[in-house]
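Structure below is input.txt: compact mmCIF, C-alpha atoms.
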# COMPACT_ATOMS: atom_id res chain seq x y z
CA SER A 1 22.30 7.45 22.94
CA THR A 2 25.72 8.74 23.93
CA PHE A 3 27.59 11.20 21.71
CA ASP A 4 30.78 13.21 21.84
CA VAL A 5 29.12 16.33 20.37
CA ALA A 6 25.46 17.18 19.83
CA VAL A 7 24.49 20.05 17.52
CA VAL A 8 21.12 21.55 18.48
CA GLY A 9 19.23 22.87 15.46
CA ALA A 10 18.96 21.40 11.96
CA GLY A 11 18.86 24.65 10.04
CA ILE A 12 21.48 25.28 7.39
CA VAL A 13 24.09 26.58 9.87
CA GLY A 14 23.62 23.66 12.26
CA LEU A 15 23.79 21.09 9.47
CA ALA A 16 26.82 22.72 7.85
CA SER A 17 28.58 22.80 11.22
CA ALA A 18 27.75 19.16 11.99
CA ARG A 19 28.98 18.15 8.54
CA GLU A 20 32.28 19.98 9.04
CA LEU A 21 32.79 18.54 12.52
CA VAL A 22 32.22 14.91 11.54
CA ARG A 23 34.53 15.32 8.54
CA ARG A 24 37.29 16.65 10.77
CA HIS A 25 36.77 14.14 13.60
CA PRO A 26 35.58 10.90 11.99
CA SER A 27 36.38 8.83 15.08
CA LEU A 28 33.96 10.78 17.28
CA ALA A 29 30.18 10.34 17.59
CA PHE A 30 28.05 13.30 16.49
CA ALA A 31 24.31 13.96 16.62
CA VAL A 32 22.05 16.72 15.30
CA LEU A 33 18.95 17.37 17.40
CA GLU A 34 15.95 19.03 15.74
CA LYS A 35 12.62 19.84 17.36
CA GLU A 36 10.68 19.69 14.07
CA LYS A 37 9.88 16.57 12.09
CA GLU A 38 11.74 17.90 9.05
CA LEU A 39 15.05 19.68 8.45
CA ALA A 40 15.59 23.36 7.57
CA HIS A 41 11.97 24.05 8.42
CA HIS A 42 12.20 27.65 9.63
CA GLN A 43 14.59 30.42 8.57
CA SER A 44 16.55 28.13 6.25
CA GLY A 45 13.36 27.14 4.44
CA HIS A 46 11.73 30.58 4.41
CA ASN A 47 14.44 32.85 3.02
CA SER A 48 14.84 34.64 -0.30
CA GLY A 49 17.33 32.11 -1.69
CA VAL A 50 19.95 34.73 -2.61
CA ILE A 51 23.65 33.86 -2.68
CA HIS A 52 24.94 37.19 -1.41
CA SER A 53 28.29 38.59 -2.53
CA GLY A 54 29.27 40.59 0.61
CA ILE A 55 28.71 44.20 -0.45
CA TYR A 56 26.81 45.66 2.48
CA TYR A 57 28.82 44.56 5.49
CA LYS A 58 31.30 46.56 7.53
CA PRO A 59 34.85 45.87 6.31
CA GLY A 60 36.68 43.63 8.73
CA SER A 61 33.47 42.23 10.25
CA LEU A 62 32.76 38.53 10.42
CA LYS A 63 29.77 39.13 8.15
CA ALA A 64 31.98 40.57 5.42
CA LYS A 65 34.71 37.95 5.73
CA LEU A 66 32.41 34.93 6.02
CA CYS A 67 30.04 36.04 3.26
CA VAL A 68 32.76 36.47 0.65
CA GLN A 69 34.34 33.14 1.63
CA GLY A 70 30.96 31.44 1.97
CA ALA A 71 29.66 32.52 -1.44
CA ALA A 72 32.70 30.99 -3.16
CA LEU A 73 32.32 27.79 -1.12
CA CYS A 74 28.57 27.67 -1.86
CA TYR A 75 29.10 27.81 -5.62
CA GLU A 76 31.87 25.21 -5.39
CA TYR A 77 29.71 22.90 -3.28
CA CYS A 78 26.72 23.19 -5.60
CA ASP A 79 28.95 22.36 -8.58
CA GLN A 80 30.31 19.28 -6.77
CA LYS A 81 26.86 18.04 -5.78
CA GLY A 82 25.00 18.97 -8.95
CA ILE A 83 22.68 21.33 -7.05
CA PRO A 84 21.19 23.82 -9.52
CA TYR A 85 21.77 27.53 -9.03
CA LYS A 86 21.71 30.65 -11.19
CA GLN A 87 24.37 33.34 -11.10
CA CYS A 88 21.85 35.94 -12.21
CA GLY A 89 23.56 38.97 -10.67
CA LYS A 90 22.20 41.91 -8.73
CA LEU A 91 21.71 45.61 -9.38
CA ILE A 92 21.53 48.00 -6.43
CA VAL A 93 19.71 50.89 -8.08
CA ALA A 94 19.71 54.59 -7.19
CA VAL A 95 16.47 56.24 -8.31
CA GLU A 96 17.06 59.62 -6.60
CA GLN A 97 20.06 61.97 -6.79
CA ASP A 98 20.61 61.89 -3.02
CA GLU A 99 21.09 58.10 -3.20
CA ILE A 100 24.10 58.32 -5.51
CA PRO A 101 26.70 59.24 -2.82
CA ARG A 102 25.46 56.31 -0.71
CA LEU A 103 25.69 54.02 -3.73
CA LYS A 104 29.28 55.09 -4.39
CA ALA A 105 30.13 54.53 -0.72
CA LEU A 106 28.62 51.05 -1.01
CA TYR A 107 30.81 50.40 -4.04
CA GLU A 108 33.93 51.37 -2.03
CA ARG A 109 32.81 49.11 0.81
CA GLY A 110 32.34 46.21 -1.58
CA LEU A 111 35.85 46.72 -2.95
CA GLN A 112 37.26 46.69 0.60
CA ASN A 113 35.43 43.41 1.18
CA ASN A 114 37.02 41.90 -1.96
CA VAL A 115 33.70 41.35 -3.71
CA ARG A 116 34.35 40.16 -7.25
CA GLY A 117 33.33 42.00 -10.41
CA LEU A 118 31.71 45.09 -8.87
CA LYS A 119 31.17 48.11 -11.08
CA LEU A 120 29.06 51.25 -11.20
CA ILE A 121 26.84 51.58 -14.26
CA GLY A 122 24.61 54.30 -15.69
CA ALA A 123 20.99 54.45 -16.80
CA LYS A 124 21.57 52.92 -20.25
CA GLU A 125 23.56 49.99 -18.85
CA ILE A 126 20.83 49.41 -16.27
CA GLN A 127 18.28 49.03 -19.05
CA ALA A 128 20.61 46.78 -21.02
CA LYS A 129 20.69 44.38 -18.06
CA GLU A 130 17.12 44.93 -16.80
CA PRO A 131 15.02 46.33 -19.67
CA PHE A 132 12.07 47.27 -17.44
CA CYS A 133 14.12 48.85 -14.63
CA ARG A 134 14.61 52.60 -14.35
CA GLY A 135 17.41 54.25 -12.38
CA LEU A 136 20.06 56.95 -12.44
CA MET A 137 22.97 54.74 -11.43
CA ALA A 138 23.43 51.20 -10.18
CA LEU A 139 26.00 49.01 -8.54
CA ASP A 140 26.33 45.84 -10.61
CA SER A 141 27.23 42.66 -8.70
CA PRO A 142 27.48 39.92 -11.34
CA TYR A 143 28.44 37.13 -8.89
CA THR A 144 25.27 37.37 -6.81
CA GLY A 145 23.14 34.29 -7.40
CA ILE A 146 20.12 32.29 -6.31
CA VAL A 147 19.70 28.75 -5.03
CA ASN A 148 17.21 26.63 -3.08
CA TYR A 149 18.79 26.65 0.38
CA LYS A 150 16.50 23.93 1.67
CA GLN A 151 17.97 21.64 -0.98
CA VAL A 152 21.49 22.71 0.05
CA ALA A 153 20.71 22.03 3.73
CA GLN A 154 19.32 18.60 2.88
CA SER A 155 22.53 17.81 1.02
CA TYR A 156 24.58 18.82 4.08
CA ALA A 157 22.44 16.42 6.13
CA GLU A 158 23.11 13.59 3.70
CA ASP A 159 26.86 14.26 3.88
CA PHE A 160 26.68 14.23 7.68
CA GLN A 161 24.82 10.94 7.83
CA GLU A 162 27.04 9.29 5.22
CA ALA A 163 30.03 10.22 7.41
CA GLY A 164 28.43 8.43 10.37
CA GLY A 165 26.47 11.25 12.01
CA THR A 166 23.04 10.73 13.60
CA ILE A 167 20.06 13.07 13.06
CA LEU A 168 17.27 12.94 15.61
CA THR A 169 14.12 14.83 14.61
CA ASP A 170 11.13 15.63 16.83
CA PHE A 171 13.64 16.21 19.65
CA GLU A 172 13.06 19.53 21.40
CA VAL A 173 15.76 20.49 23.88
CA THR A 174 14.04 21.95 26.94
CA ASN A 175 16.81 21.57 29.52
CA MET A 176 20.55 21.06 29.81
CA GLU A 177 22.12 19.72 32.97
CA MET A 178 25.06 17.70 34.13
CA ALA A 179 24.26 14.03 34.33
CA LYS A 180 23.99 12.51 37.79
CA GLU A 181 27.24 11.10 39.05
CA SER A 182 26.05 7.53 38.77
CA SER A 183 25.59 7.93 35.02
CA SER A 184 27.89 10.84 34.32
CA GLU A 185 30.84 8.98 32.89
CA ASN A 186 31.26 7.49 29.50
CA GLU A 187 33.90 5.02 28.41
CA ASP A 188 36.81 7.45 28.68
CA GLY A 189 35.72 8.73 32.08
CA LYS A 190 34.55 12.20 31.07
CA ALA A 191 31.46 13.90 32.46
CA VAL A 192 28.59 14.25 29.98
CA PHE A 193 25.49 16.35 29.49
CA CYS A 194 21.97 15.10 29.96
CA PRO A 195 19.63 17.21 27.78
CA SER A 196 15.99 16.34 28.40
CA PHE A 197 13.23 16.68 25.87
CA THR A 198 9.50 17.29 25.84
CA THR A 199 9.08 13.70 24.68
CA GLY A 200 10.76 12.51 27.88
CA GLU A 201 13.71 11.08 25.97
CA GLU A 202 17.29 11.86 26.90
CA ILE A 203 20.71 11.70 25.32
CA TYR A 204 24.15 12.01 26.81
CA CYS A 205 26.98 13.96 25.23
CA ARG A 206 30.29 15.46 26.18
CA HIS A 207 29.73 18.77 24.39
CA ILE A 208 26.93 20.78 22.76
CA VAL A 209 26.88 23.33 19.95
CA THR A 210 23.63 25.27 19.61
CA CYS A 211 22.50 26.72 16.28
CA ALA A 212 18.94 27.43 17.32
CA GLY A 213 18.05 30.52 15.30
CA LEU A 214 14.82 32.00 16.66
CA TYR A 215 15.40 30.25 20.00
CA SER A 216 19.12 30.92 20.35
CA ASP A 217 18.67 33.29 23.30
CA ARG A 218 16.46 30.89 25.23
CA LEU A 219 18.83 27.96 24.85
CA SER A 220 21.69 30.21 25.90
CA GLU A 221 19.86 31.24 29.06
CA ILE A 222 19.12 27.61 29.92
CA SER A 223 22.86 27.00 30.11
CA GLY A 224 23.48 30.04 32.30
CA CYS A 225 24.59 32.53 29.63
CA SER A 226 23.64 36.20 29.54
CA PRO A 227 20.06 36.88 28.36
CA GLU A 228 21.47 39.30 25.78
CA PRO A 229 21.42 39.70 22.92
CA ARG A 230 17.68 39.01 22.91
CA ILE A 231 15.96 37.61 19.84
CA VAL A 232 13.00 39.67 18.62
CA PRO A 233 11.13 38.11 15.68
CA PHE A 234 10.30 40.23 12.63
CA ARG A 235 8.00 38.80 9.99
CA GLY A 236 8.71 39.61 6.35
CA ASP A 237 5.79 39.28 3.93
CA TYR A 238 6.51 38.86 0.24
CA LEU A 239 4.42 39.56 -2.80
CA VAL A 240 4.89 37.50 -5.96
CA LEU A 241 4.64 38.57 -9.57
CA LYS A 242 1.98 36.76 -11.52
CA PRO A 243 3.61 34.11 -13.73
CA GLU A 244 2.77 35.95 -16.94
CA LYS A 245 4.65 39.04 -15.66
CA CYS A 246 7.88 37.38 -14.49
CA TYR A 247 9.58 38.33 -17.77
CA MET A 248 9.99 41.84 -16.36
CA VAL A 249 12.72 40.74 -13.93
CA LYS A 250 15.95 38.98 -14.95
CA GLY A 251 18.13 39.27 -11.83
CA ASN A 252 18.00 40.67 -8.32
CA ILE A 253 17.04 44.36 -8.12
CA TYR A 254 17.65 46.08 -4.78
CA PRO A 255 17.25 49.65 -3.52
CA VAL A 256 20.12 51.65 -2.07
CA PRO A 257 19.85 50.98 1.68
CA ASN A 258 19.13 53.94 3.91
CA PRO A 259 21.46 53.83 6.95
CA ARG A 260 18.77 55.54 9.06
CA PHE A 261 16.52 52.49 8.78
CA PRO A 262 17.32 48.99 10.01
CA PHE A 263 16.27 46.86 7.01
CA LEU A 264 17.15 46.76 3.31
CA GLY A 265 13.78 47.70 1.85
CA PHE A 266 11.71 46.21 -0.97
CA HIS A 267 13.55 44.30 -3.66
CA PHE A 268 12.90 42.03 -6.64
CA THR A 269 14.15 38.46 -6.20
CA PRO A 270 13.95 35.80 -8.93
CA ARG A 271 13.59 32.23 -7.64
CA MET A 272 14.88 28.89 -8.88
CA ASP A 273 11.35 27.80 -9.81
CA GLY A 274 10.99 30.79 -12.17
CA SER A 275 8.79 32.87 -9.87
CA VAL A 276 9.71 36.38 -8.70
CA TRP A 277 9.35 37.47 -5.08
CA LEU A 278 8.81 41.13 -4.22
CA GLY A 279 9.62 42.56 -0.81
CA PRO A 280 9.78 41.79 2.02
CA ASN A 281 8.41 44.26 4.52
CA ALA A 282 9.44 44.00 8.19
CA VAL A 283 6.86 43.96 10.99
CA LEU A 284 7.00 42.62 14.53
CA ALA A 285 5.87 38.99 14.62
CA PHE A 286 3.64 38.00 17.54
CA LYS A 287 5.05 34.47 17.46
CA ARG A 288 8.64 33.42 16.91
CA GLU A 289 7.63 30.93 14.26
CA GLY A 290 4.49 32.74 13.18
CA TYR A 291 4.34 32.95 9.41
CA LYS A 292 0.73 34.08 9.18
CA LEU A 293 -0.71 37.48 10.03
CA PHE A 294 -2.76 36.25 12.99
CA ASP A 295 -0.28 33.73 14.42
CA PHE A 296 0.11 34.54 18.11
CA SER A 297 2.03 33.20 21.09
CA THR A 298 1.39 34.77 24.49
CA GLY A 299 4.89 33.93 25.70
CA ASP A 300 6.67 35.19 22.58
CA PHE A 301 4.59 38.38 22.50
CA PHE A 302 5.19 39.07 26.18
CA ASP A 303 8.94 38.49 25.81
CA ALA A 304 9.12 40.98 22.95
CA VAL A 305 6.95 43.81 24.29
CA THR A 306 8.47 43.76 27.77
CA TYR A 307 12.00 44.10 26.43
CA SER A 308 13.33 47.64 26.75
CA GLY A 309 15.58 47.19 23.71
CA LEU A 310 12.57 46.74 21.43
CA TRP A 311 10.91 49.94 22.64
CA LYS A 312 14.11 51.92 22.12
CA LEU A 313 14.35 50.57 18.58
CA VAL A 314 10.69 51.36 17.89
CA LEU A 315 10.90 54.92 19.21
CA ARG A 316 14.00 55.66 17.14
CA ASN A 317 12.32 54.32 13.99
CA LEU A 318 8.67 55.17 14.65
CA SER A 319 7.84 56.66 11.26
CA TYR A 320 9.57 53.79 9.45
CA GLY A 321 7.75 51.22 11.59
CA LEU A 322 4.35 52.81 10.98
CA SER A 323 5.07 52.90 7.25
CA GLU A 324 5.91 49.20 7.29
CA ILE A 325 2.65 48.40 9.09
CA TYR A 326 0.71 50.51 6.59
CA ARG A 327 2.38 48.75 3.65
CA ALA A 328 1.67 45.37 5.23
CA CYS A 329 -2.03 46.21 5.25
CA PHE A 330 -2.38 47.89 1.86
CA LEU A 331 -1.15 46.20 -1.30
CA SER A 332 -1.15 49.45 -3.24
CA ALA A 333 1.42 50.95 -0.85
CA GLN A 334 3.80 48.08 -1.52
CA VAL A 335 3.30 48.33 -5.27
CA LYS A 336 4.14 52.04 -5.08
CA GLN A 337 7.56 51.13 -3.69
CA LEU A 338 8.12 48.66 -6.52
CA GLN A 339 7.12 51.18 -9.19
CA LYS A 340 10.13 53.33 -8.28
CA PHE A 341 12.21 50.69 -10.05
CA ILE A 342 9.83 49.05 -12.53
CA PRO A 343 7.06 51.57 -13.35
CA GLU A 344 5.14 49.00 -15.41
CA VAL A 345 4.29 46.90 -12.33
CA THR A 346 0.66 47.42 -11.31
CA ILE A 347 -1.49 46.12 -8.48
CA ASN A 348 -3.06 43.70 -10.96
CA ASP A 349 0.35 42.09 -11.57
CA VAL A 350 1.00 40.93 -8.01
CA LEU A 351 -0.35 38.45 -5.48
CA ARG A 352 0.30 38.03 -1.78
CA GLY A 353 3.06 35.50 -1.31
CA PRO A 354 4.92 33.61 1.41
CA SER A 355 6.37 35.00 4.64
CA GLY A 356 9.47 34.41 6.69
CA VAL A 357 10.45 35.30 10.24
CA ARG A 358 13.84 36.84 10.91
CA ALA A 359 15.58 36.15 14.23
CA GLN A 360 16.72 39.70 14.91
CA ALA A 361 19.16 40.02 17.80
CA LEU A 362 18.75 43.22 19.84
CA ASP A 363 20.74 44.61 22.74
CA SER A 364 19.17 46.49 25.67
CA ASP A 365 19.95 49.86 24.04
CA GLY A 366 17.78 48.97 21.05
CA ASN A 367 20.69 48.40 18.67
CA LEU A 368 20.45 45.71 16.04
CA VAL A 369 23.26 43.23 16.66
CA ASP A 370 24.61 43.22 13.15
CA ASP A 371 27.44 40.72 13.31
CA PHE A 372 27.70 37.06 14.20
CA VAL A 373 27.85 36.34 17.94
CA PHE A 374 29.36 33.20 19.46
CA ASP A 375 29.21 32.58 23.20
CA GLY A 376 30.01 30.01 25.84
CA GLY A 377 28.75 29.79 29.38
CA SER A 378 30.51 29.36 32.70
CA GLY A 379 30.72 26.52 35.19
CA ASP A 380 30.44 22.83 34.43
CA ILE A 381 27.73 23.22 31.80
CA GLY A 382 29.01 26.41 30.22
CA SER A 383 32.49 25.01 29.70
CA ARG A 384 30.99 22.26 27.56
CA ILE A 385 28.82 24.36 25.28
CA LEU A 386 29.21 26.76 22.35
CA HIS A 387 26.25 28.93 21.36
CA VAL A 388 25.77 30.52 17.97
CA ARG A 389 23.85 33.46 19.45
CA ASN A 390 23.33 35.46 16.28
CA ALA A 391 23.66 34.24 12.70
CA PRO A 392 21.75 36.82 10.61
CA SER A 393 21.53 37.06 6.85
CA PRO A 394 23.77 36.23 4.98
CA ALA A 395 24.13 33.13 7.19
CA ALA A 396 22.80 30.77 4.49
CA THR A 397 25.32 32.10 1.96
CA SER A 398 28.05 31.91 4.61
CA SER A 399 27.08 28.52 6.04
CA LEU A 400 30.16 26.56 4.92
CA ALA A 401 32.51 29.35 6.03
CA ILE A 402 30.68 29.66 9.37
CA ALA A 403 30.98 25.89 9.79
CA LYS A 404 34.75 26.04 9.40
CA MET A 405 34.99 28.77 12.03
CA ILE A 406 32.70 26.87 14.43
CA ALA A 407 34.74 23.70 13.94
CA ASP A 408 37.93 25.64 14.74
CA GLU A 409 36.32 27.08 17.87
CA VAL A 410 34.96 23.69 18.97
CA LYS A 411 38.42 22.16 18.66
CA ARG A 412 39.95 25.02 20.66
CA ARG A 413 37.33 25.13 23.43
CA PHE A 414 36.69 21.44 23.83
CA GLU A 415 40.19 20.20 22.95
CA LEU A 416 38.81 17.59 20.57

If you took the structure in this file and wrote it as structure tokens, what would it be?
Amino acid sequence: STFDVAVVGAGIVGLASARELVRRHPSLAFAVLEKEKELAHHQSGHNSGVIHSGIYYKPGSLKAKLCVQGAALCYEYCDQKGIPYKQCGKLIVAVEQDEIPRLKALYERGLQNNVRGLKLIGAKEIQAKEPFCRGLMALDSPYTGIVNYKQVAQSYAEDFQEAGGTILTDFEVTNMEMAKESSSENEDGKAVFCPSFTTGEEIYCRHIVTCAGLYSDRLSEISGCSPEPRIVPFRGDYLVLKPEKCYMVKGNIYPVPNPRFPFLGFHFTPRMDGSVWLGPNAVLAFKREGYKLFDFSTGDFFDAVTYSGLWKLVLRNLSYGLSEIYRACFLSAQVKQLQKFIPEVTINDVLRGPSGVRAQALDSDGNLVDDFVFDGGSGDIGSRILHVRNAPSPAATSSLAIAKMIADEVKRRFEL
């Protein structure tokens, strides 16, 4: 159980990174450590399945760069592996006059980010693409698509194992420390890590890359890194259209985002299985991996509500937060949001659907950490570790591009 590099976390980013590393360094020994019994069990298996095109993100940011690169790589990979996807497109629809300037600004941003095929369309063209949708103007993104990311992640895992990598499930990393001197050298005389696990098992490795999603801050702290940015979990609850009503939606339909509020708002998302998801909302989750309304963890709840950054965020967005809670409780309030775009949708056409939990990184001033964050520690342990501290949406879309960047950074830091 001795490895050159261990990747902690078998979500889509961890698996993509492990795959890239073993392909670049086939003579080294790599492991992926996952605390669950199955792969891609949390954020990677509970997302909307959208292949994003890179419209929303600040030009020059890692999000913008990696999303545009990652979307192209995702389509190419799916073609190579025979993984089904649909390039069904997306309309970002303005339904009020005051949304049109924001929509045009979004169009300019998308052009700066080199998003392919973007164009502004009017009401008639909206109906030509989405016959049941109503709007004044829309931004048409024809290269936005959908895919089953759990299937993509599983394919990454198969590539990794075929290249000689080892995946260890049911392995929860609870500590990282330098191995005792008597056992701290491997064949080439280099000091190694000794992560310990709740099962009592141990492995030794020269270097660690963490891609731990909802637990990225806790693993970072274990290795002596700064406690910030802190992860605060937000649960997103979806509705689903009844099967007999799915004909009303052909592609993704999104609202124009309001820069005063932290999340994108309700949207219509077709799925690979033919269903249509509606939403999500965004409410504080009382458990980091709590997908049900009454899931609760004392430790996770205490961590969130004692963090000053959360309270600053809440106070700045109090009316928005209360509205989200109200909509979470009352189905009719959610349907009212949907009717702005498709008036024919009624409360009788929808059912409560699945939920996901977003690992939202927050700083102590209550600002959402919007871009990717990569961090290393200090001292003996810190010099041997690379943390992916924040990999927000569109991380699944960007996974292959993120993996290339992580592999570059691993080579630079660890001199592989």

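Of the residues under consideration (A:Ser226, A:Arg235, A:Leu106, A:Leu39), A:Arg235 shows the shortest atom-to-atom contact distance to Phe294 (chain A) when counting only C-alpha atoms.
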
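From CA of Gln127 (chain A) back to CA of Tyr75 (chain A), the distance works out to 27.3 Å.
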
The centre and edge lengths of an axis-aligned box containing all atoms of region 241-245 of chain A present in the file, extended by 6 Å on each side, are to be given in Å to one decimal, as JSON.
{"center_x": 3.3, "center_y": 36.6, "center_z": -13.3, "size_x": 14.7, "size_y": 16.9, "size_z": 19.4}

May I have the residues within 8 Å of Pro59 (chain A) as a list of chain:residue names, using only C-alpha atoms and disregarding those fewer than 3 positions away in the same chain?
-> A:Ala64, A:Lys65, A:Arg109, A:Gln112, A:Asn113

Excluding Pro131 (chain A) and any residue of its chain fewer than 4 positions from it, enumerate the residues within 12 Å of it, using only C-alpha atoms, and give them as a ChimeraX atom specification.
-> /A:123-127,135,247-251,253,341-344

Selected residue of minimal separation from Ile325 (chain A) among A:Gln337, A:Ser220, A:Asn281, A:Ser27, counting all atoms listed in the file | A:Asn281

Determine, counting only C-alpha atoms, every residue of protein, DNA or RNA that lies within 12 Å of (19.5, 40.3, 6.6) in the file coordinates, then give the result as a PyMOL selection string.
-> chain A and resi 43+47-50+52+54+56-57+63+67+234+236+257+262-265+280-282+356-361+368-372+390-397

Identify, on the basis of all atoms listed in the file, every residue whose closest approach to Leu241 (chain A) does not exceed 7 Å; exclude the query and any residue fewer than 4 positions from it along the same chain; express the result as a list in words.
->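 In the requested form, the answer reads Lys245, Cys246, Val276, Trp277, Asp349, Val350 and Leu351 of chain A.
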
Can you tell me, as JSON, numbers by chain, what residues are no more than 10 Å from Glu162 (chain A) when counting only C-alpha atoms, ignoring any on the same chain fewer than 6 positions away?
-> {"A": [19, 22, 156]}

Excluding region 284-288 of chain A and any residue of its chain fewer than 5 positions from it, enumerate the residues within 12 Å of it, using only C-alpha atoms, and give them as a PyMOL selection string.
-> chain A and resi 42-43+212-218+231-237+293-305+310-311+313-314+321-322+324-325+328+355-360
